[in-house]
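Have a look at the structure below before the remarks.
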Amino acid sequence: MLNVILNENAAGKTAGKKFEAVAKIFESHKAEYRVFRTEYRRHATEIAAKLASAGADNVVVAGGDGTLNEAVAGLFEVLGEQRLGEVAVGILPLGTGNDFARSAGLPTDAEEAAKTILSGCTRFVDVADVGGVKMVCFSNAGIDADVVDMCNREKHKKTFSYAKNAIKCILRGMTYDFTVRYDGKEDSFSGIIASVVNGKSMASGMNYAPAAKVDDGLLDLVVVEKAPRLKLLKTLWKLATNRPLNKSDKVRYAAAKRFEISAGTTVVDIDGELYTGLDYTAECLEKCLKIYAKSED
């Protein structure tokens, strides 16, 4: 029995309609499934926790990265890090960005993703703990919080919404003072954003951290330093169109198991949800999440 947590409001309330095609795939394979529809923020956390408490061996998340984050948080509440692998997590990418699916090499087509889940093949990937909040995909400090707030206010979010609103913030000249600590090092600088990510993709397919992997036991730091506005816009355009960067773009990368970040803001974006007053300390929880994935044979 597949336990599907469906967020019908994902991707501008189009996820419910898209799931109809997925249901046909399940039915054509004579797979039994039941659907639990989310009705409010973090409802997916409650549903996943109840399923885990009842002994379910799978949870299929039909929605975006935010819905996935909520479901994983619910599993953590009941199972903790050591027992998290008792539940296999299926990902039906019905959201706007679907960046975790991209980073993990999973199908971004919902019907193909359904077939992957039905194959029964699984693999283990990393998760992060950010100030006590679980992160499956990305976390950001800086202008990102303003960008996410602007995107959330849009009635119909599009795949280019993030880039559009980021441009607006850059033109306003917004910068922050960051201090980053990792592996015994400390670095301070001014910039527009500091991110700790679990995978390479962010903002609907932006190749944000090209070297990042979801199963290498490391988290990746991405920092965009202060620069003239036109230069920042050019750098953002390169990131958005997945073009190679050079030293003049002032983008820093690093990888470590743990990062501590101080910024001139108390707001942190974790998988598309904003948290205020959070201690921005990110630590990798190595290969504790089991997901349905294509066989690597």
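In the structure tokens, the first chain shown is A, the next is B, and so on; residue numbers restart at 1 for each chain, and ligands run from 1 in the order shown.
Contact shell of segment 74-82 of chain A at 7 Å (only C-alpha atoms; same-chain neighbours under 2 positions omitted): A:Thr45, A:Glu46, A:Ala48, A:Ala49, A:Ala52, A:Ser53, A:Glu70, A:Ala71, A:Val72, A:Leu84, A:Cys288.
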For the residues in the current selection, export N, CA and C atoms as an mmCIF file, in the first residue's frame.
```
data_model
loop_
_atom_site.group_PDB
_atom_site.id
_atom_site.type_symbol
_atom_site.label_atom_id
_atom_site.label_comp_id
_atom_site.auth_asym_id
_atom_site.auth_seq_id
_atom_site.Cartn_x
_atom_site.Cartn_y
_atom_site.Cartn_z
ATOM 1 N N THR A 45 3.639 17.342 7.697
ATOM 2 C CA THR A 45 4.432 16.874 8.841
ATOM 3 C C THR A 45 3.579 16.006 9.761
ATOM 4 N N GLU A 46 2.373 16.462 10.027
ATOM 5 C CA GLU A 46 1.462 15.708 10.897
ATOM 6 C C GLU A 46 1.088 14.367 10.266
ATOM 7 N N ALA A 48 2.739 12.606 7.945
ATOM 8 C CA ALA A 48 3.891 11.702 7.904
ATOM 9 C C ALA A 48 4.190 11.127 9.278
ATOM 10 N N ALA A 49 4.063 11.950 10.313
ATOM 11 C CA ALA A 49 4.319 11.474 11.677
ATOM 12 C C ALA A 49 3.311 10.394 12.064
ATOM 13 N N ALA A 52 4.189 7.162 10.237
ATOM 14 C CA ALA A 52 5.353 6.517 10.837
ATOM 15 C C ALA A 52 4.985 5.847 12.156
ATOM 16 N N SER A 53 4.174 6.522 12.941
ATOM 17 C CA SER A 53 3.747 5.953 14.234
ATOM 18 C C SER A 53 2.927 4.684 14.037
ATOM 19 N N GLU A 70 8.438 19.068 4.724
ATOM 20 C CA GLU A 70 7.475 18.854 5.814
ATOM 21 C C GLU A 70 7.319 17.373 6.130
ATOM 22 N N ALA A 71 7.198 16.542 5.098
ATOM 23 C CA ALA A 71 7.010 15.107 5.319
ATOM 24 C C ALA A 71 8.218 14.489 6.002
ATOM 25 N N VAL A 72 9.412 14.854 5.556
ATOM 26 C CA VAL A 72 10.636 14.329 6.171
ATOM 27 C C VAL A 72 10.727 14.770 7.625
ATOM 28 N N LEU A 84 15.219 6.460 10.649
ATOM 29 C CA LEU A 84 14.559 7.133 9.526
ATOM 30 C C LEU A 84 14.488 6.232 8.298
ATOM 31 N N CYS A 288 20.920 9.108 5.726
ATOM 32 C CA CYS A 288 19.913 8.603 6.668
ATOM 33 C C CYS A 288 18.522 8.523 6.041
#
```
All residues 12 Å or closer to Gly173 of chain A, only C-alpha atoms, same chain fewer than 4 positions away omitted, as a ChimeraX atom specification: /A:143,166-169,191-192,226-233
Residue list (strand (DSSP E), DSSP) for segment 16-109 of chain A, as a PDB file with N, CA and C atoms, in the first residue's frame:
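The result, stored in selection_3.pdb:
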```pdb
ATOM      1  N   TYR A  33      -3.050   2.191  -3.362  1.00  0.00           N
ATOM      2  CA  TYR A  33      -2.575   3.447  -2.797  1.00  0.00           C
ATOM      3  C   TYR A  33      -3.729   4.163  -2.094  1.00  0.00           C
ATOM      4  N   ARG A  34      -3.385   5.010  -1.168  1.00  0.00           N
ATOM      5  CA  ARG A  34      -4.371   5.861  -0.509  1.00  0.00           C
ATOM      6  C   ARG A  34      -3.796   7.266  -0.445  1.00  0.00           C
ATOM      7  N   VAL A  35      -4.657   8.260  -0.527  1.00  0.00           N
ATOM      8  CA  VAL A  35      -4.221   9.645  -0.635  1.00  0.00           C
ATOM      9  C   VAL A  35      -4.614  10.430   0.618  1.00  0.00           C
ATOM     10  N   PHE A  36      -3.648  11.133   1.170  1.00  0.00           N
ATOM     11  CA  PHE A  36      -3.875  12.033   2.302  1.00  0.00           C
ATOM     12  C   PHE A  36      -3.614  13.452   1.800  1.00  0.00           C
ATOM     13  N   ARG A  37      -4.647  14.275   1.733  1.00  0.00           N
ATOM     14  CA  ARG A  37      -4.530  15.627   1.187  1.00  0.00           C
ATOM     15  C   ARG A  37      -4.196  16.632   2.285  1.00  0.00           C
ATOM     16  N   ASN A  58       6.350   3.233   3.915  1.00  0.00           N
ATOM     17  CA  ASN A  58       6.602   4.170   2.820  1.00  0.00           C
ATOM     18  C   ASN A  58       5.743   5.414   2.963  1.00  0.00           C
ATOM     19  N   VAL A  59       6.240   6.490   2.408  1.00  0.00           N
ATOM     20  CA  VAL A  59       5.491   7.745   2.279  1.00  0.00           C
ATOM     21  C   VAL A  59       5.831   8.307   0.909  1.00  0.00           C
ATOM     22  N   VAL A  60       4.826   8.594   0.114  1.00  0.00           N
ATOM     23  CA  VAL A  60       5.028   9.168  -1.212  1.00  0.00           C
ATOM     24  C   VAL A  60       4.583  10.626  -1.163  1.00  0.00           C
ATOM     25  N   VAL A  61       5.501  11.531  -1.458  1.00  0.00           N
ATOM     26  CA  VAL A  61       5.215  12.962  -1.373  1.00  0.00           C
ATOM     27  C   VAL A  61       4.872  13.497  -2.759  1.00  0.00           C
ATOM     28  N   ALA A  62       3.639  13.946  -2.923  1.00  0.00           N
ATOM     29  CA  ALA A  62       3.173  14.520  -4.185  1.00  0.00           C
ATOM     30  C   ALA A  62       3.032  16.024  -3.986  1.00  0.00           C
ATOM     31  N   GLY A  63       4.046  16.755  -4.404  1.00  0.00           N
ATOM     32  CA  GLY A  63       4.070  18.199  -4.196  1.00  0.00           C
ATOM     33  C   GLY A  63       5.435  18.728  -4.559  1.00  0.00           C
ATOM     34  N   ALA A  88      10.607   4.245   3.366  1.00  0.00           N
ATOM     35  CA  ALA A  88      11.069   4.698   2.051  1.00  0.00           C
ATOM     36  C   ALA A  88      10.214   5.880   1.599  1.00  0.00           C
ATOM     37  N   VAL A  89      10.871   6.908   1.081  1.00  0.00           N
ATOM     38  CA  VAL A  89      10.177   8.122   0.659  1.00  0.00           C
ATOM     39  C   VAL A  89      10.159   8.201  -0.868  1.00  0.00           C
ATOM     40  N   GLY A  90       8.956   8.277  -1.413  1.00  0.00           N
ATOM     41  CA  GLY A  90       8.791   8.458  -2.851  1.00  0.00           C
ATOM     42  C   GLY A  90       8.565   9.919  -3.168  1.00  0.00           C
ATOM     43  N   ILE A  91       9.074  10.374  -4.299  1.00  0.00           N
ATOM     44  CA  ILE A  91       8.960  11.786  -4.659  1.00  0.00           C
ATOM     45  C   ILE A  91       8.250  11.924  -5.997  1.00  0.00           C
ATOM     46  N   LEU A  92       7.047  12.494  -5.953  1.00  0.00           N
ATOM     47  CA  LEU A  92       6.297  12.832  -7.156  1.00  0.00           C
ATOM     48  C   LEU A  92       6.431  14.343  -7.338  1.00  0.00           C
ATOM     49  N   PRO A  93       7.268  14.798  -8.265  1.00  0.00           N
ATOM     50  CA  PRO A  93       7.591  16.220  -8.384  1.00  0.00           C
ATOM     51  C   PRO A  93       6.464  17.036  -9.015  1.00  0.00           C
TER      52      PRO A  93
END
```
Residues flagged helix (DSSP H, G or I) by DSSP in segment 10-146 of chain A, as a PyMOL selection string: chain A and resi 10-13+15-28+43-53+65-86+99-103+110-119+144-146
Convert the current residue selection to file output with C-alpha atoms, as a PDB file, in the first residue's frame.
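Output file again_36.pdb is given in full below:
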```pdb
ATOM      1  CA  ALA A  10       1.582  23.091  -5.066  1.00  0.00           C
ATOM      2  CA  ALA A  11       2.679  24.798  -8.293  1.00  0.00           C
ATOM      3  CA  GLY A  12      -0.142  27.322  -8.293  1.00  0.00           C
ATOM      4  CA  LYS A  13      -2.796  24.770  -7.336  1.00  0.00           C
ATOM      5  CA  ALA A  15      -0.678  19.608  -8.455  1.00  0.00           C
ATOM      6  CA  GLY A  16      -4.078  18.032  -7.878  1.00  0.00           C
ATOM      7  CA  LYS A  17      -4.797  17.887 -11.591  1.00  0.00           C
ATOM      8  CA  LYS A  18      -1.336  16.534 -12.367  1.00  0.00           C
ATOM      9  CA  PHE A  19      -1.779  13.780  -9.815  1.00  0.00           C
ATOM     10  CA  GLU A  20      -4.677  12.360 -11.836  1.00  0.00           C
ATOM     11  CA  ALA A  21      -2.177  11.131 -14.450  1.00  0.00           C
ATOM     12  CA  VAL A  22      -0.045   9.595 -11.709  1.00  0.00           C
ATOM     13  CA  ALA A  23      -3.068   7.801 -10.279  1.00  0.00           C
ATOM     14  CA  LYS A  24      -3.664   6.202 -13.673  1.00  0.00           C
ATOM     15  CA  ILE A  25      -0.083   4.880 -13.644  1.00  0.00           C
ATOM     16  CA  PHE A  26      -0.602   3.352 -10.207  1.00  0.00           C
ATOM     17  CA  GLU A  27      -3.915   1.821 -11.268  1.00  0.00           C
ATOM     18  CA  SER A  28      -2.507   0.414 -14.522  1.00  0.00           C
ATOM     19  CA  HIS A  43      -0.048  19.392   7.610  1.00  0.00           C
ATOM     20  CA  ALA A  44       2.287  17.060   5.704  1.00  0.00           C
ATOM     21  CA  THR A  45       4.432  16.874   8.841  1.00  0.00           C
ATOM     22  CA  GLU A  46       1.462  15.708  10.897  1.00  0.00           C
ATOM     23  CA  ILE A  47       0.387  13.156   8.290  1.00  0.00           C
ATOM     24  CA  ALA A  48       3.891  11.702   7.904  1.00  0.00           C
ATOM     25  CA  ALA A  49       4.319  11.474  11.677  1.00  0.00           C
ATOM     26  CA  LYS A  50       1.029   9.603  12.042  1.00  0.00           C
ATOM     27  CA  LEU A  51       1.962   7.204   9.252  1.00  0.00           C
ATOM     28  CA  ALA A  52       5.353   6.517  10.837  1.00  0.00           C
ATOM     29  CA  SER A  53       3.747   5.953  14.234  1.00  0.00           C
ATOM     30  CA  ASP A  65      10.314  20.728  -2.153  1.00  0.00           C
ATOM     31  CA  GLY A  66       8.429  22.389   0.697  1.00  0.00           C
ATOM     32  CA  THR A  67       5.994  19.479   0.969  1.00  0.00           C
ATOM     33  CA  LEU A  68       8.918  17.035   0.906  1.00  0.00           C
ATOM     34  CA  ASN A  69      10.625  18.985   3.684  1.00  0.00           C
ATOM     35  CA  GLU A  70       7.475  18.854   5.814  1.00  0.00           C
ATOM     36  CA  ALA A  71       7.010  15.107   5.319  1.00  0.00           C
ATOM     37  CA  VAL A  72      10.636  14.329   6.171  1.00  0.00           C
ATOM     38  CA  ALA A  73      10.310  16.490   9.295  1.00  0.00           C
ATOM     39  CA  GLY A  74       7.338  14.386  10.387  1.00  0.00           C
ATOM     40  CA  LEU A  75       9.290  11.171   9.907  1.00  0.00           C
ATOM     41  CA  PHE A  76      12.156  12.594  11.951  1.00  0.00           C
ATOM     42  CA  GLU A  77       9.795  13.477  14.794  1.00  0.00           C
ATOM     43  CA  VAL A  78       8.798   9.844  15.213  1.00  0.00           C
ATOM     44  CA  LEU A  79      11.790   7.856  14.000  1.00  0.00           C
ATOM     45  CA  GLY A  80      14.817  10.068  14.580  1.00  0.00           C
ATOM     46  CA  GLU A  81      17.986   9.831  12.531  1.00  0.00           C
ATOM     47  CA  GLN A  82      18.796   6.224  13.395  1.00  0.00           C
ATOM     48  CA  ARG A  83      15.425   4.739  12.351  1.00  0.00           C
ATOM     49  CA  LEU A  84      14.559   7.133   9.526  1.00  0.00           C
ATOM     50  CA  GLY A  85      15.561   4.547   6.927  1.00  0.00           C
ATOM     51  CA  GLU A  86      12.693   2.282   8.021  1.00  0.00           C
ATOM     52  CA  ASP A  99      15.014  20.959  -7.022  1.00  0.00           C
ATOM     53  CA  PHE A 100      15.595  17.938  -4.808  1.00  0.00           C
ATOM     54  CA  ALA A 101      14.458  15.611  -7.578  1.00  0.00           C
ATOM     55  CA  ARG A 102      16.835  17.337  -9.982  1.00  0.00           C
ATOM     56  CA  SER A 103      19.739  17.162  -7.532  1.00  0.00           C
ATOM     57  CA  ALA A 110       5.568  12.949 -12.493  1.00  0.00           C
ATOM     58  CA  GLU A 111       4.496   9.899 -14.484  1.00  0.00           C
ATOM     59  CA  GLU A 112       8.084   8.687 -14.837  1.00  0.00           C
ATOM     60  CA  ALA A 113       8.593   9.351 -11.136  1.00  0.00           C
ATOM     61  CA  ALA A 114       5.578   7.141 -10.396  1.00  0.00           C
ATOM     62  CA  LYS A 115       7.172   4.310 -12.368  1.00  0.00           C
ATOM     63  CA  THR A 116      10.391   4.784 -10.402  1.00  0.00           C
ATOM     64  CA  ILE A 117       8.473   4.396  -7.142  1.00  0.00           C
ATOM     65  CA  LEU A 118       6.730   1.286  -8.441  1.00  0.00           C
ATOM     66  CA  SER A 119      10.116  -0.283  -9.281  1.00  0.00           C
ATOM     67  CA  ASP A 144      16.798  35.206  -0.555  1.00  0.00           C
ATOM     68  CA  ALA A 145      14.381  35.737   2.322  1.00  0.00           C
ATOM     69  CA  ASP A 146      12.978  38.805   0.587  1.00  0.00           C
TER      70      ASP A 146
END
```
Best match for closeness to Met1 of chain A among A:Tyr208, A:Thr266, A:Glu32, A:Thr14, counting only C-alpha atoms: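 Counting only C-alpha atoms, the residue closest to Met1 of chain A is A:Glu32.
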Surrounding residues of Ala104 of chain A excluding itself and chain neighbours under 4 positions, 8 Å, only C-alpha atoms, as an MDAnalysis selection string: chainID A and resid 100 199 213:214
